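Notes for the one structure printed next.
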Amino acid sequence: MELESGSTNRQSRLKLYKSTLILAYQSFGVVYGDLSTSPIYVYTSTFSGRLRLHEDDDEILGVLSLVFWTLTLIPLCKYIVFVLGADDNGEGGTFALYSLLCRRAKLGLLHPSHSTDDDISSQDSCQLIKETRASSLLKEFFDKHHSSRVVLLLIVILGTSMVIADGILTPSMSVLSAVYGIKTKAGGLHDSYAVLITCLILVGLFALQHIGTHRVGFLFAPIILLWLLSISGVGIYNIIQWNPRVVSALSPYYVYKLFKLTGKDGWTSLGGIVLCITGAEAMFADLGHFSQLSIRIAFTAIIYPSLILAYMGEAAYLSKHKEDLQRSFYRAIPEVVFWPVFIIATLATVVASQAVISATFSIISQCWALKCFPRVKIIHTSNQMHGQIYIPEVNWMLMVFCLLVVIGFRDTDMIANAYGLTVVIVMFVTTCLMFLVIVMVWKRNILAAFIFVTVFGFVELLYLSSCLAKVAKGGWIPLIFSLIVLSVMYIWHYGTLQKQSFESHNRTSLDMLLSLGPNVGINRVRGIGLIYTNVLSGIPPMFSHFVTSFPAFHQVLIFVTFQFLTTPRVSANQRFIVSRIGPAEFRLYRCIVRFGYKDARKDSYAFETDLIETVRVFLQHESDDGDARDSVSEMPVNQHESDCLRDDVSMRAENGSGAGLTRCKRVRFCGVDNSKELEDLEDAREAGLAYMMGNTCVLARETSSFVKKFAINIVYGFLRRNCRSPSTALGVPHTSLIEVGMAYRV
């Protein structure tokens, strides 16, 4: 038995090792494209300013030392060692950190009233960690000052908008820098031809997005691996051939010497050096597709040493060829392998661009799920790989902005200034959020959090100050773009919350429906009516408005509420929460459908099938329990308590976890014939389904401030009119749709 157990454990370990190595291999094409291609433009951008006046060996070695320690501190120490451990059920990125704080520390503005339902993940052990004095004080501060939660959300949205800006700047910078390499061999080639080639590559790249990365993804990892092999090989050759002494630049003494010799010019050069860590955030943002171990193995074993060799080799070449500072990367490539490396470089920049574009789609999908972005069309391009999506509207907007950046600037130096500012802001936002995670989620000593912020925050602020000094030279691009995106996201989120608040406060009591019956002129027609609403209890105002105008509704009514949680995914057995509204003879039900921000939404037919089947199983389960069981139902306790009813009887109820509002009435349905109810459900299903949704116009009150009127009436109104309608986003068939028009004054 011991031999069999040992053999089984050995096989499971081998399987784990194999799967981890496969994930590490796949991560090269998805995670590390941007980071791996940075040697193309780092030295060129660094020596593009006043630092070109300092061309001694000490300055070149100082830049190399800065690159080495930046790569060591930020990607290796910060991300690989610390940040990757702050995953949200396996997901990473800015929103993952925020959702972690929302659920574990209750700091969020997203669905605050439903926070008790948000934490459905399997990692509840974090809640068992004892509160520290620092975490208690911070939580008390956020509870006392509501504005601090707003500021936190704005910081998160700022980081997210910068990631979206990165989706514009990475393709522009990477492809243009690679194509400009052709001028090394064709010096007379006009810049317009290089710009034209870049634009053609970008148009082709965005035109292929609709087929999905899974169809071309098998090419990505080999290309990046071949690229890393090329630059590390060229680096070793240049070190041996030109200046083996560059190894001494690994000493931080050369950083001190650089600033001593160059002064302010050395500080301004930091905006170019920071480009060596572009793409480091992707290690955390793309964590959901891989594992912590696979990303750590890939970086420490291959990426990190390859990049160090590449930068050392280029510095060795520059120490003997200072006249080539403006084309150093391609000049450093030996003649015999120039064209193969040039072709590989162009392909690698396309891969890097693809990874960033896919990440942009993913983060916009997350923002949409959390009601921080207008509704867009999301197409899942792969049935096997979760998370591979395509958003047509975003894709073509990114393409247009990329072309405008390339054609408008044509200068990689100005694009680099914008690029560096984007990268360092995203990283600094992550550092700030990590401080809260360390104290309030991990419950570690606040001293450890201060050390983390002091070390990494100081380095990032140093780079940020240099990048901000170049706002007039291209750095304004991401600032303007992110300001627009931040405004759109926050106003959409604010308007959506105002709309939901109006519906919640103006929902109708259940007395109205309970008083309706055959004797008061209400007709019941065959079929199932799915009433889509944001209200979690009571009757939505739009349905009351409809019944008042047209006294008829279907024989079976299901009030459907979509609830998007601040957790990555919701398991299938926790997806639906079904409850009964009123007595059984009314055939009224409520179904709350819960999604995580990474969950894929099914098409309407599959959703209908699952929904009705869940209601059928609910009734069957209730019938199996027999009449002896009490049923929790939405019944008014009295006139004053009718809006405070329990609404959360679900398939979980038998486990004692039926959570909901604070007041309810237990009603014993003795003699309810569930078999007849099941027959009616099947009969209604055969008769067909109809969908009812509100078509609302949200307006600010006359007494509201000018700012609120502008935000709600103009900006939010424009976004609602021009984004996809709720019925289209949910795939509701138009032939079966009933829209109820209403105006909300918020």
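All residue names refer to the structure tokens as shown: chains lettered A, B, ... in order, residues numbered from 1 in each chain, ligands numbered from 1 in order.
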
For Pro392 (chain A): contacts at 8 Å, only C-alpha atoms, fewer than 6 positions along chain excluded, given as number ranges by chain = A: 210, 377-378

Write out as an NGL selection string which residues come within 12 Å of Phe435 (chain A) when counting only C-alpha atoms, dropping same-chain ones fewer than 2 positions away.
-> :A and (82-83 or 86 or 97-98 or 101 or 134-135 or 138 or 428-433 or 437-457)

File of the preceding selection, C-alpha atoms, as an mmCIF file, in the first residue's frame:
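As a result, part.cif now contains:
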```cif
data_model
loop_
_atom_site.group_PDB
_atom_site.id
_atom_site.type_symbol
_atom_site.label_atom_id
_atom_site.label_comp_id
_atom_site.auth_asym_id
_atom_site.auth_seq_id
_atom_site.Cartn_x
_atom_site.Cartn_y
_atom_site.Cartn_z
ATOM 1 C CA PHE A 82 5.166 40.226 -3.409
ATOM 2 C CA VAL A 83 2.410 41.380 -5.766
ATOM 3 C CA ALA A 86 -2.160 39.329 -3.764
ATOM 4 C CA LEU A 97 -6.845 44.226 -5.895
ATOM 5 C CA TYR A 98 -9.847 46.513 -5.556
ATOM 6 C CA LEU A 101 -10.444 45.159 -0.708
ATOM 7 C CA ALA A 134 -3.626 49.183 12.172
ATOM 8 C CA SER A 135 -6.295 47.393 10.104
ATOM 9 C CA LEU A 138 -7.839 52.100 8.711
ATOM 10 C CA PHE A 428 2.362 53.369 -8.476
ATOM 11 C CA VAL A 429 -1.394 52.723 -8.222
ATOM 12 C CA THR A 430 -0.605 49.030 -7.643
ATOM 13 C CA THR A 431 1.865 49.986 -4.899
ATOM 14 C CA CYS A 432 -0.743 52.131 -3.134
ATOM 15 C CA LEU A 433 -3.365 49.374 -3.295
ATOM 16 C CA VAL A 437 -3.933 44.807 1.039
ATOM 17 C CA ILE A 438 -0.936 44.157 3.303
ATOM 18 C CA VAL A 439 -2.556 45.925 6.268
ATOM 19 C CA MET A 440 -6.285 45.205 5.819
ATOM 20 C CA VAL A 441 -6.393 41.866 3.975
ATOM 21 C CA TRP A 442 -3.203 40.084 4.989
ATOM 22 C CA LYS A 443 -3.357 41.759 8.437
ATOM 23 C CA ARG A 444 0.423 42.165 8.540
ATOM 24 C CA ASN A 445 2.355 44.644 10.618
ATOM 25 C CA ILE A 446 1.933 48.171 9.314
ATOM 26 C CA LEU A 447 5.717 48.563 9.427
ATOM 27 C CA ALA A 448 6.022 45.934 6.684
ATOM 28 C CA ALA A 449 3.507 47.879 4.581
ATOM 29 C CA PHE A 450 5.439 51.119 5.108
ATOM 30 C CA ILE A 451 8.704 49.437 4.100
ATOM 31 C CA PHE A 452 7.030 48.104 0.940
ATOM 32 C CA VAL A 453 5.635 51.516 0.004
ATOM 33 C CA THR A 454 8.832 53.362 0.948
ATOM 34 C CA VAL A 455 11.161 51.177 -1.121
ATOM 35 C CA PHE A 456 9.071 50.652 -4.248
ATOM 36 C CA GLY A 457 7.063 53.868 -3.991
#
```

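Taking CA of Ile155 (chain A) as the reference point, CA of Thr132 (chain A) is found at 25.0 Å.
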
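Here CA of Leu226 (chain A) is placed at a distance of 19.9 Å from CA of Ile239 (chain A).
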
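Proximity to Val175 (chain A) was assessed for A:Ile22, A:Leu347, A:Val707, A:Ile297 counting only C-alpha atoms; the smallest distance is recorded for A:Leu347.
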
Output as a PyMOL selection string all residues of region 11-228 of chain A that backbone DSSP marks as helix (DSSP H, G or I).
-> chain A and resi 11-30+33-36+38-40+42-46+50-53+57-86+94-104+112-118+124-128+133-144+146-184+191-207+209-211+213-228

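CA of Ile80 (chain A) sits 23.6 Å away from CA of Lys15 (chain A).
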
Near-His554 (chain A) list (12 Å; only C-alpha atoms; drop same-chain fewer than 4 positions) as an NGL selection string | :A and (522-531 or 547 or 550 or 558-559 or 586-588 or 680-681 or 683-685 or 687-692)

For Ala165 (chain A): contacts at 8 Å, only C-alpha atoms, fewer than 6 positions along chain excluded, given as a compact mmCIF listing (two decimals) with N, CA, C and O atoms, in the first residue's frame:
```txt
# COMPACT_ATOMS: atom_id res chain seq x y z
N THR A 422 2.59 56.46 -18.61
CA THR A 422 1.51 55.49 -18.44
C THR A 422 1.95 54.33 -17.57
O THR A 422 1.25 53.92 -16.63
N PRO A 478 -1.26 60.45 -22.53
CA PRO A 478 -2.00 59.57 -21.62
C PRO A 478 -2.79 60.33 -20.56
O PRO A 478 -3.81 59.83 -20.09
N PHE A 481 -6.04 61.42 -22.32
CA PHE A 481 -6.83 60.22 -22.63
C PHE A 481 -7.39 59.59 -21.36
O PHE A 481 -8.58 59.25 -21.29
N SER A 482 -6.53 59.44 -20.34
CA SER A 482 -6.99 58.81 -19.10
C SER A 482 -8.02 59.67 -18.39
O SER A 482 -8.94 59.16 -17.75
```

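With only C-alpha atoms as the atoms that count, the minimum distance from Ser579 (chain A) to the choices A:Arg10, A:Lys598, A:Ser537, A:Leu202 is reached by A:Ser537.
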